[in-house]
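Note: the block below is final18.cif and it holds mmCIF, C-alpha atoms.
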```cif
data_protein
loop_
_atom_site.label_atom_id
_atom_site.label_comp_id
_atom_site.auth_asym_id
_atom_site.auth_seq_id
_atom_site.Cartn_x
_atom_site.Cartn_y
_atom_site.Cartn_z
CA MET M 1 71.74 72.52 95.35
CA ASN M 2 69.05 75.08 95.75
CA HIS M 3 68.76 76.39 92.24
CA THR M 4 65.02 76.55 92.69
CA ASN M 5 65.47 79.32 95.27
CA LEU M 6 67.67 81.42 93.05
CA ARG M 7 66.44 84.85 92.13
CA THR M 8 67.92 87.32 89.74
CA TYR M 9 68.32 90.85 91.04
CA ALA M 10 68.63 94.13 89.27
CA PRO M 11 72.09 95.62 89.96
CA ALA M 12 70.65 98.37 92.14
CA GLU M 13 68.61 95.86 94.10
CA LEU M 14 71.65 93.64 94.59
CA ASP M 15 73.73 96.60 95.77
CA ALA M 16 71.06 97.55 98.28
CA LEU M 17 70.80 93.98 99.55
CA GLU M 18 74.56 93.68 99.91
CA ALA M 19 74.78 96.99 101.71
CA ARG M 20 71.97 96.07 104.09
CA LEU M 21 73.54 92.73 104.89
CA ALA M 22 76.99 94.26 105.24
CA LEU M 23 75.72 96.90 107.65
CA ARG M 24 74.06 94.24 109.78
CA MET M 25 77.34 92.32 109.89
CA THR M 26 79.38 95.37 110.79
CA ALA M 27 76.88 96.26 113.50
CA ARG M 28 77.65 92.85 115.03
CA LEU M 29 81.37 93.49 114.57
CA THR M 30 81.01 96.78 116.44
CA GLU M 31 79.18 94.96 119.21
CA HIS M 32 81.96 92.38 119.35
CA ALA M 33 84.72 95.00 119.26
CA ALA M 34 83.15 96.78 122.22
CA ASP M 35 83.99 93.77 124.37
CA LEU M 36 87.74 93.90 123.90
CA PRO M 37 89.85 92.57 126.76
CA GLN M 38 90.73 95.05 129.47
CA ASP M 39 94.45 95.06 128.66
CA VAL M 40 93.80 95.86 125.00
CA SER M 41 91.45 98.70 125.96
CA GLU M 42 94.10 100.06 128.32
CA ARG M 43 96.78 99.90 125.63
CA LEU M 44 94.48 101.74 123.25
CA ARG M 45 93.78 104.40 125.89
CA PHE M 46 97.54 104.78 126.46
CA ALA M 47 98.13 105.07 122.71
CA ARG M 48 95.45 107.75 122.48
CA GLU M 49 97.01 109.74 125.30
CA GLN M 50 100.44 109.46 123.71
CA ALA M 51 99.02 110.75 120.45
CA LEU M 52 97.36 113.67 122.22
CA GLU M 53 100.63 114.56 123.93
CA ARG M 54 102.42 114.53 120.60
CA ALA M 55 99.71 116.72 119.11
CA ARG M 56 100.16 119.24 121.92
CA ALA M 57 103.93 119.18 121.41
CA ALA M 58 103.49 119.67 117.66
CA ARG M 59 101.17 122.63 118.27
CA LYS M 60 103.65 124.19 120.71
CA ALA M 61 106.46 123.76 118.22
CA GLU M 62 104.36 125.41 115.52
CA VAL M 63 103.56 128.37 117.78
CA ALA M 64 107.17 128.68 118.95
CA GLU M 65 108.63 128.49 115.46
CA PRO M 66 107.74 132.06 114.29
CA THR M 67 109.10 133.51 117.61
CA VAL M 68 112.34 131.70 117.04
CA VAL M 69 112.62 133.20 113.58
CA VAL M 70 112.02 136.73 114.86
CA GLY M 71 114.39 136.15 117.78
CA SER M 72 117.11 134.78 115.61
CA GLY M 73 116.73 137.78 113.30
CA SER M 74 117.27 140.26 116.07
CA THR M 75 120.11 138.20 117.49
CA LEU M 76 121.76 138.23 114.12
CA SER M 77 121.45 141.98 113.73
CA LEU M 78 122.85 142.60 117.19
CA GLY M 79 125.58 140.02 117.15
CA ARG M 80 126.63 140.29 113.55
CA GLY M 81 129.96 142.04 114.37
CA GLY M 82 131.20 139.40 116.75
CA GLU M 83 129.94 136.44 114.76
CA GLY M 84 131.04 138.06 111.47
CA GLY M 85 134.56 138.73 112.85
CA ALA M 86 134.87 135.18 114.04
CA SER M 87 133.75 133.79 110.73
CA TRP M 88 136.23 136.10 108.90
CA TRP M 89 139.10 134.69 110.94
CA VAL M 90 137.85 131.18 110.33
CA GLN M 91 137.78 131.88 106.61
CA VAL M 92 141.31 133.33 106.69
CA ALA M 93 142.55 130.40 108.73
CA SER M 94 141.02 127.93 106.29
CA VAL M 95 142.57 129.69 103.28
CA LEU M 96 146.09 130.00 104.83
CA PRO M 97 147.20 126.40 104.23
CA LEU M 98 146.13 126.69 100.61
CA ILE M 99 148.15 129.89 100.16
CA ALA M 100 151.18 128.25 101.80
CA LEU M 101 150.86 125.26 99.51
CA LEU M 102 150.69 127.43 96.39
CA ALA M 103 153.66 129.52 97.51
CA GLY M 104 155.68 126.36 98.14
CA LEU M 105 154.85 125.01 94.68
CA VAL M 106 155.89 128.30 93.02
CA PHE M 107 159.15 128.34 95.05
CA ILE M 108 160.00 124.74 94.07
CA GLN M 109 159.25 125.49 90.41
CA ARG M 110 161.56 128.53 90.43
CA LEU M 111 164.30 126.60 92.21
CA HIS M 112 164.07 123.87 89.61
CA ASN M 113 164.24 126.38 86.73
CA ASP M 114 167.28 128.12 88.29
CA SER M 115 169.15 124.85 88.69
CA GLN M 116 168.42 123.87 85.06
CA ILE M 117 169.60 127.29 83.83
CA SER M 118 172.83 127.15 85.84
CA ALA M 119 173.54 123.57 84.65
CA ALA M 120 173.08 124.62 81.01
CA ALA M 121 175.25 127.69 81.60
CA GLU M 122 178.03 125.52 83.02
CA ILE M 123 177.92 123.22 79.99
CA ASP M 124 177.97 126.21 77.64
CA ALA M 125 180.84 127.83 79.51
CA SER M 126 182.95 124.66 79.49
CA LEU M 127 182.27 124.16 75.78
CA LEU M 128 183.22 127.71 74.94
CA ALA M 129 186.32 127.63 77.18
CA ASP M 130 187.55 124.33 75.63
CA ASP M 131 190.28 124.18 72.93
CA LEU M 132 187.94 122.33 70.58
CA PRO M 133 185.39 124.34 68.71
CA PRO M 134 181.78 123.26 69.47
CA SER M 135 181.25 122.21 65.80
CA ALA M 136 183.84 119.45 66.33
CA TYR M 137 181.38 117.50 68.47
CA SER M 138 179.03 117.11 65.48
CA ASP M 139 181.84 115.84 63.22
CA PRO M 140 181.59 112.00 62.73
CA GLY M 141 185.34 111.75 62.33
CA PHE M 142 185.87 113.30 65.74
CA VAL M 143 183.62 110.69 67.33
CA GLU M 144 185.65 107.96 65.64
CA PHE M 145 188.83 109.63 66.87
CA LEU M 146 187.49 109.57 70.44
CA LYS M 147 186.59 105.86 70.16
CA ALA M 148 190.00 104.90 68.78
CA PRO M 149 192.41 103.52 71.45
CA LEU M 150 195.30 105.71 72.42
CA ASP M 151 198.68 104.50 71.18
CA MET L 1 93.17 123.13 112.92
CA ALA L 2 91.53 120.42 115.02
CA SER L 3 91.33 120.89 118.77
CA ASP L 4 92.57 118.41 121.36
CA LYS L 5 89.02 117.42 122.12
CA GLU L 6 88.21 116.78 118.47
CA LEU L 7 91.31 114.64 118.10
CA SER L 8 90.61 112.78 121.33
CA ASP L 9 86.98 112.14 120.39
CA PHE L 10 87.99 110.95 116.96
CA LEU L 11 90.64 108.58 118.28
CA LYS L 12 88.25 107.27 120.91
CA SER L 13 85.63 106.61 118.28
CA ILE L 14 87.88 104.63 115.97
CA GLU L 15 90.45 102.96 118.22
CA LYS L 16 88.64 99.66 118.71
CA ARG L 17 87.68 99.29 115.08
CA ALA L 18 91.21 100.23 114.05
CA PHE L 19 92.65 97.64 116.38
CA LYS L 20 90.32 94.92 115.10
CA ARG L 21 91.00 95.84 111.49
CA VAL L 22 94.76 95.60 111.94
CA ALA L 23 94.48 92.49 114.10
CA TYR L 24 92.53 90.74 111.32
CA ALA L 25 95.37 91.55 108.94
CA VAL L 26 98.45 90.84 111.05
CA ARG L 27 96.89 88.19 113.33
CA ASP L 28 98.94 89.38 116.26
CA ASP L 29 97.31 91.55 118.93
CA ASP L 30 100.55 93.09 120.19
CA ALA L 31 101.66 94.02 116.69
CA ALA L 32 98.21 95.40 115.97
CA LEU L 33 98.35 97.58 119.08
CA ASP L 34 101.78 98.88 118.09
CA ILE L 35 100.57 99.70 114.59
CA VAL L 36 97.48 101.49 115.89
CA GLN L 37 99.59 103.49 118.35
CA ASP L 38 102.10 104.45 115.65
CA SER L 39 99.27 105.51 113.37
CA MET L 40 97.63 107.60 116.07
CA ILE L 41 100.93 109.32 116.81
CA ARG L 42 101.60 109.93 113.13
CA LEU L 43 98.17 111.49 112.73
CA ALA L 44 98.70 113.67 115.80
CA GLU L 45 102.15 114.84 114.75
CA LYS L 46 101.73 115.33 111.03
CA TYR L 47 98.08 116.12 110.45
CA ILE L 48 97.02 118.07 113.52
CA ASP L 49 96.76 121.21 111.37
CA ARG L 50 94.05 119.56 109.23
CA PRO L 51 90.36 120.01 110.00
CA ALA L 52 88.83 117.20 112.06
CA ALA L 53 86.54 116.25 109.17
CA GLU L 54 89.57 114.95 107.26
CA PHE L 55 90.73 112.68 110.07
CA PRO L 56 88.76 109.53 109.13
CA LEU L 57 90.17 109.27 105.63
CA VAL L 58 93.68 110.36 106.59
CA PHE L 59 93.79 107.98 109.54
CA GLN L 60 92.61 105.01 107.47
CA ARG L 61 95.32 105.77 104.96
CA ILE L 62 97.97 106.00 107.68
CA LEU L 63 96.73 102.77 109.23
CA SER L 64 96.83 100.93 105.90
CA ASN L 65 100.34 102.19 105.19
CA ALA L 66 101.53 101.29 108.68
CA THR L 67 100.10 97.80 108.29
CA MET L 68 101.83 97.37 104.96
CA ASP L 69 105.08 98.63 106.49
CA TRP L 70 104.71 96.01 109.20
CA PHE L 71 104.30 93.30 106.59
CA ARG L 72 107.35 94.56 104.76
CA ARG L 73 109.35 94.56 107.95
CA GLN L 74 108.24 91.07 108.77
CA LYS L 75 109.19 89.94 105.26
CA VAL L 76 105.93 88.14 104.77
CA ARG L 77 105.31 89.63 101.39
CA ASN L 78 104.81 86.12 100.04
CA ALA L 79 101.90 85.63 102.38
CA VAL L 80 100.34 88.84 101.17
CA VAL L 81 100.78 87.82 97.55
CA ARG L 82 99.16 84.50 98.37
CA ASN L 83 96.22 86.35 99.87
CA PHE L 84 96.00 88.54 96.81
CA SER L 85 95.61 85.48 94.62
CA GLU L 86 92.90 84.08 96.81
CA TYR L 87 90.20 86.34 95.54
CA GLU L 88 90.73 85.12 92.03
CA SER L 89 89.19 81.79 92.96
CA SER L 90 86.32 83.03 95.09
CA SER L 91 83.69 82.66 92.42
CA ASP L 92 82.07 79.50 93.71
CA ASP L 93 79.05 81.27 95.15
CA GLY L 94 77.14 81.42 91.90
CA ASP L 95 74.20 79.39 93.13
CA PHE L 96 73.83 81.27 96.37
CA ASP L 97 70.87 83.53 96.94
CA LEU L 98 71.86 86.57 99.00
CA LEU L 99 68.27 87.11 100.04
CA GLU L 100 68.25 83.82 101.90
CA THR L 101 70.47 85.33 104.56
CA LEU L 102 68.17 88.30 104.86
CA ALA L 103 65.01 86.32 104.31
CA SER L 104 63.96 86.44 107.91
CA GLN L 105 64.24 90.19 108.27
CA ASP L 106 60.48 90.61 108.50
CA GLU L 107 59.81 87.38 110.29
CA SER L 108 60.57 87.95 113.91
CA SER L 109 59.71 84.38 114.81
CA ALA L 110 62.41 83.06 112.48
CA THR L 111 64.91 85.51 113.97
CA GLU L 112 63.92 84.36 117.38
CA SER L 113 64.57 80.75 116.45
CA ALA L 114 68.02 81.59 115.12
CA SER L 115 68.79 83.47 118.30
CA GLU L 116 67.61 80.55 120.32
CA SER L 117 69.73 77.98 118.51
CA VAL L 118 72.96 79.96 118.64
CA SER L 119 73.74 82.31 121.48
CA ARG L 120 74.38 85.95 120.68
CA ALA L 121 77.99 85.76 121.77
CA GLN L 122 78.54 82.81 119.49
CA ILE L 123 77.03 84.69 116.56
CA LEU L 124 79.33 87.62 117.18
CA LEU L 125 82.29 85.29 117.45
CA ALA L 126 81.28 83.50 114.26
CA ILE L 127 81.00 86.74 112.30
CA ASP L 128 84.34 87.85 113.71
CA GLY L 129 85.91 84.55 112.68
CA GLU L 130 84.47 84.64 109.18
CA VAL L 131 85.65 88.21 108.64
CA ALA L 132 89.12 87.13 109.74
CA LYS L 133 89.03 84.33 107.16
CA LEU L 134 88.30 86.65 104.24
CA PRO L 135 91.11 87.30 101.75
CA ALA L 136 93.05 90.40 102.77
CA ARG L 137 91.86 92.76 100.04
CA GLN L 138 88.23 91.70 100.31
CA ARG L 139 88.35 92.17 104.07
CA GLU L 140 89.99 95.56 103.79
CA ALA L 141 87.44 96.76 101.25
CA PHE L 142 84.55 95.38 103.31
CA LEU L 143 85.73 96.93 106.57
CA LEU L 144 86.60 100.31 105.09
CA ARG L 145 83.40 100.54 103.10
CA TYR L 146 80.88 99.25 105.60
CA TRP L 147 82.53 99.44 109.02
CA GLU L 148 84.43 102.69 108.63
CA GLU L 149 81.63 103.93 106.36
CA LEU L 150 83.93 105.44 103.76
CA ASP L 151 82.38 105.87 100.34
CA VAL L 152 83.58 103.90 97.32
CA ALA L 153 85.95 106.62 96.12
CA GLU L 154 87.50 107.08 99.56
CA THR L 155 87.90 103.33 100.00
CA ALA L 156 89.58 103.13 96.60
CA SER L 157 91.98 105.93 97.51
CA VAL L 158 92.93 104.27 100.81
CA MET L 159 93.41 100.89 99.13
CA GLY L 160 95.18 102.33 96.10
CA CYS L 161 92.89 100.63 93.59
CA SER L 162 90.01 101.50 91.29
CA GLU L 163 86.44 102.06 92.44
CA GLY L 164 85.39 99.06 90.36
CA SER L 165 87.81 96.87 92.29
CA VAL L 166 86.39 98.14 95.58
CA LYS L 167 82.86 97.25 94.48
CA THR L 168 83.99 93.80 93.37
CA HIS L 169 85.89 93.14 96.60
CA CYS L 170 82.97 94.32 98.72
CA SER L 171 80.44 92.27 96.81
CA ARG L 172 82.55 89.13 97.03
CA ALA L 173 83.20 89.70 100.72
CA VAL L 174 79.49 90.11 101.50
CA HIS L 175 78.60 87.00 99.51
CA ALA L 176 81.37 84.97 101.12
CA LEU L 177 80.33 86.08 104.61
CA ALA L 178 76.65 85.51 103.98
CA ASN L 179 77.41 82.09 102.55
CA ALA L 180 79.61 81.11 105.48
CA LEU L 181 77.12 82.36 108.07
CA LYS L 182 74.24 80.61 106.36
CA ALA L 183 76.23 77.39 106.42
CA LYS L 184 76.46 77.84 110.19
CA GLY L 185 72.74 78.43 110.45
CA ILE L 186 73.13 82.11 111.27
CA GLU L 187 70.71 84.60 109.77
CA LEU L 188 71.07 88.30 110.24
#
```

Output the file's structure as structure tokens, nothing else.
Amino acid sequence: MNHTNLRTYAPAELDALEARLALRMTARLTEHAADLPQDVSERLRFAREQALERARAARKAEVAEPTVVVGSGSTLSLGRGGEGGASWWVQVASVLPLIALLAGLVFIQRLHNDSQISAAAEIDASLLADDLPPSAYSDPGFVEFLKAPLD
Amino acid sequence: MASDKELSDFLKSIEKRAFKRVAYAVRDDDAALDIVQDSMIRLAEKYIDRPAAEFPLVFQRILSNATMDWFRRQKVRNAVVRNFSEYESSSDDGDFDLLETLASQDESSATESASESVSRAQILLAIDGEVAKLPARQREAFLLRYWEELDVAETASVMGCSEGSVKTHCSRAVHALANALKAKGIEL
């Protein structure tokens, strides 16, 4: 225990001491890092070159981008008829199945209605053409008569 | 927008420190090289339109994020959490006088004797080893603040913590290193 050597520092003094010591340590770290193995240095050089290539590519892309916009604008204005015509046909072609489906549903609905109407008409016609008046069917005595066995 | 030369000079100036910083954290040279390369490429692709003066801070941020991504990928989050808890207990240097490590700064004879007893290469290796042993956050703060020479606010922004935390981490790291080096008979 070396409590006898202990000193108290003002915060600013302590900060300065720490910084001075830290900078001496990092100077040694820098010295040590300079002696990296050859293969590591080569990998780092390769990584740097890769990054530079990507930077060049990114710059080229940035420069080319506005030209592409202008070019695509003119292409659009020139080729609008052809491309527009094609897209119109595509739109029509995509809507056709839907129209066919709707038409089919309407046709089935009408067919169903017609068959119901003709069935009801047949019942009405047979009732009216029968000897019995239609009111006889609502008479409880008539129902009993129908249930009774024939002699 | 930074020129190719500015980018190249910047990358050349930081590549070795960046590699060492990541290697301390991941303890795997190949992984560290991959992370540094990815970070360089990310800087070149995404931030090439920034002025070169912004590169140091941006690159350190990219490097920190890439290192954290590596840890996530490796699923060693538990190890990181363990490291985080380490600096809670690093308060056992209360009776250590920082000046003792610097005491010989004006006494060349004492410096000479230290240099004689331990070779320079061994001193460098010892410092390297002690830095590697620091808890992750202390080491990151120490390296960013004093090796990369970012200021406290910049270090805090890279580390995603408060400036007070940076100061605490740095102070603890310096004390821990000084203590460890003194125990080995090394004076700076």

For the file shown, report as a PyMOL selection string the outcome of the PyMOL selection byres ((chain L) within 6 of (chain M)) at residue level.
-> chain L and resi 37+40-41+44-45+97+124+147

Between atom CA of Gln60 of chain L and atom CA of Asp39 of chain M, what is the distance, to one decimal in Å?
->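 According to the coordinates, atom CA of Gln60 of chain L and atom CA of Asp39 of chain M are separated by 23.5 Å.
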
Residue neighbourhood Ala52 of chain L, 6 Å, only C-alpha atoms, exclusion window fewer than 2 positions, as a PDB file with C-alpha atoms, in the frame of the given file:
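So the final result, stored in around.pdb, reads:
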```pdb
ATOM      1  CA  ALA L   2      91.530 120.420 115.020  1.00  0.00           C
ATOM      2  CA  GLU L  54      89.570 114.950 107.260  1.00  0.00           C
ATOM      3  CA  PHE L  55      90.730 112.680 110.070  1.00  0.00           C
TER       4      PHE L  55
END
```

Quick one: of L:Ala176, L:Ala132, L:Val166, L:Met1, who's nearest to Lys46 of chain L, counting all atoms listed in the file?
-> L:Met1

Could you state the separation of atom CA of Ala10 of chain M and atom CA of Asp128 of chain L in Å, given to one decimal place?
->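 That distance, rounded to one decimal, is 29.7 Å.
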
Exactly which residues make up the result of the PyMOL selection byres ((chain L and resi 139) around 10) on this file, given as an MDAnalysis selection string?
-> chainID L and resid 21 24:25 130:138 140:145 169:170 172:174

Record the distance separating atom CA of Arg72 of chain L and atom CA of Leu57 of chain L, expressed in Å with one decimal.
->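 Computing it gives 22.6 Å between the two atoms.
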
Kindly output segment 40-73 of chain L as an mmCIF file, in the coordinates of the input, after building N, CA and C atoms.
```cif
data_model
loop_
_atom_site.group_PDB
_atom_site.id
_atom_site.type_symbol
_atom_site.label_atom_id
_atom_site.label_comp_id
_atom_site.auth_asym_id
_atom_site.auth_seq_id
_atom_site.Cartn_x
_atom_site.Cartn_y
_atom_site.Cartn_z
ATOM 1 N N MET L 40 98.218 106.491 115.307
ATOM 2 C CA MET L 40 97.630 107.600 116.070
ATOM 3 C C MET L 40 98.657 108.726 116.235
ATOM 4 N N ILE L 41 99.876 108.327 116.578
ATOM 5 C CA ILE L 41 100.930 109.320 116.810
ATOM 6 C C ILE L 41 101.262 110.054 115.506
ATOM 7 N N ARG L 42 101.294 109.303 114.419
ATOM 8 C CA ARG L 42 101.600 109.930 113.130
ATOM 9 C C ARG L 42 100.512 110.946 112.758
ATOM 10 N N LEU L 43 99.276 110.566 113.002
ATOM 11 C CA LEU L 43 98.170 111.490 112.730
ATOM 12 C C LEU L 43 98.311 112.752 113.582
ATOM 13 N N ALA L 44 98.619 112.540 114.870
ATOM 14 C CA ALA L 44 98.700 113.670 115.800
ATOM 15 C C ALA L 44 99.861 114.595 115.449
ATOM 16 N N GLU L 45 100.963 114.020 115.022
ATOM 17 C CA GLU L 45 102.150 114.840 114.750
ATOM 18 C C GLU L 45 102.091 115.552 113.409
ATOM 19 N N LYS L 46 101.622 114.813 112.397
ATOM 20 C CA LYS L 46 101.730 115.330 111.030
ATOM 21 C C LYS L 46 100.467 116.014 110.513
ATOM 22 N N TYR L 47 99.326 115.634 111.053
ATOM 23 C CA TYR L 47 98.080 116.120 110.450
ATOM 24 C C TYR L 47 97.216 116.903 111.423
ATOM 25 N N ILE L 48 97.805 117.362 112.516
ATOM 26 C CA ILE L 48 97.020 118.070 113.520
ATOM 27 C C ILE L 48 96.531 119.413 112.977
ATOM 28 N N ASP L 49 97.192 119.931 111.945
ATOM 29 C CA ASP L 49 96.760 121.210 111.370
ATOM 30 C C ASP L 49 95.582 121.044 110.403
ATOM 31 N N ARG L 50 95.194 119.793 110.136
ATOM 32 C CA ARG L 50 94.050 119.560 109.230
ATOM 33 C C ARG L 50 92.744 119.672 110.012
ATOM 34 N N PRO L 51 91.661 120.003 109.315
ATOM 35 C CA PRO L 51 90.360 120.010 110.000
ATOM 36 C C PRO L 51 89.959 118.599 110.418
ATOM 37 N N ALA L 52 89.193 118.519 111.507
ATOM 38 C CA ALA L 52 88.830 117.200 112.060
ATOM 39 C C ALA L 52 88.044 116.356 111.072
ATOM 40 N N ALA L 53 87.344 117.003 110.144
ATOM 41 C CA ALA L 53 86.540 116.250 109.170
ATOM 42 C C ALA L 53 87.407 115.380 108.271
ATOM 43 N N GLU L 54 88.679 115.738 108.138
ATOM 44 C CA GLU L 54 89.570 114.950 107.260
ATOM 45 C C GLU L 54 90.193 113.766 107.987
ATOM 46 N N PHE L 55 90.050 113.725 109.296
ATOM 47 C CA PHE L 55 90.730 112.680 110.070
ATOM 48 C C PHE L 55 90.373 111.251 109.643
ATOM 49 N N PRO L 56 89.071 110.936 109.438
ATOM 50 C CA PRO L 56 88.760 109.530 109.130
ATOM 51 C C PRO L 56 89.532 108.991 107.926
ATOM 52 N N LEU L 57 89.500 109.748 106.837
ATOM 53 C CA LEU L 57 90.170 109.270 105.630
ATOM 54 C C LEU L 57 91.683 109.228 105.814
ATOM 55 N N VAL L 58 92.223 110.304 106.398
ATOM 56 C CA VAL L 58 93.680 110.360 106.590
ATOM 57 C C VAL L 58 94.131 109.229 107.511
ATOM 58 N N PHE L 59 93.372 109.020 108.585
ATOM 59 C CA PHE L 59 93.790 107.980 109.540
ATOM 60 C C PHE L 59 93.739 106.591 108.894
ATOM 61 N N GLN L 60 92.694 106.335 108.116
ATOM 62 C CA GLN L 60 92.610 105.010 107.470
ATOM 63 C C GLN L 60 93.791 104.793 106.530
ATOM 64 N N ARG L 61 94.176 105.878 105.874
ATOM 65 C CA ARG L 61 95.320 105.770 104.960
ATOM 66 C C ARG L 61 96.605 105.485 105.750
ATOM 67 N N ILE L 62 96.783 106.212 106.841
ATOM 68 C CA ILE L 62 97.970 106.000 107.680
ATOM 69 C C ILE L 62 97.986 104.570 108.208
ATOM 70 N N LEU L 63 96.818 104.119 108.654
ATOM 71 C CA LEU L 63 96.730 102.770 109.230
ATOM 72 C C LEU L 63 97.065 101.703 108.179
ATOM 73 N N SER L 64 96.539 101.891 106.977
ATOM 74 C CA SER L 64 96.830 100.930 105.900
ATOM 75 C C SER L 64 98.318 100.916 105.591
ATOM 76 N N ASN L 65 98.908 102.109 105.495
ATOM 77 C CA ASN L 65 100.340 102.190 105.190
ATOM 78 C C ASN L 65 101.169 101.561 106.311
ATOM 79 N N ALA L 66 100.778 101.847 107.554
ATOM 80 C CA ALA L 66 101.530 101.290 108.680
ATOM 81 C C ALA L 66 101.435 99.764 108.696
ATOM 82 N N THR L 67 100.268 99.256 108.330
ATOM 83 C CA THR L 67 100.100 97.800 108.290
ATOM 84 C C THR L 67 100.982 97.192 107.193
ATOM 85 N N MET L 68 100.978 97.859 106.049
ATOM 86 C CA MET L 68 101.830 97.370 104.960
ATOM 87 C C MET L 68 103.304 97.440 105.336
ATOM 88 N N ASP L 69 103.692 98.508 106.035
ATOM 89 C CA ASP L 69 105.080 98.630 106.490
ATOM 90 C C ASP L 69 105.427 97.465 107.427
ATOM 91 N N TRP L 70 104.479 97.126 108.269
ATOM 92 C CA TRP L 70 104.710 96.010 109.200
ATOM 93 C C TRP L 70 104.957 94.713 108.416
ATOM 94 N N PHE L 71 104.126 94.514 107.405
ATOM 95 C CA PHE L 71 104.300 93.300 106.590
ATOM 96 C C PHE L 71 105.659 93.309 105.907
ATOM 97 N N ARG L 72 106.044 94.478 105.418
ATOM 98 C CA ARG L 72 107.350 94.560 104.760
ATOM 99 C C ARG L 72 108.446 94.227 105.754
ATOM 100 N N ARG L 73 108.322 94.817 106.937
ATOM 101 C CA ARG L 73 109.350 94.560 107.950
ATOM 102 C C ARG L 73 109.400 93.096 108.317
#
```
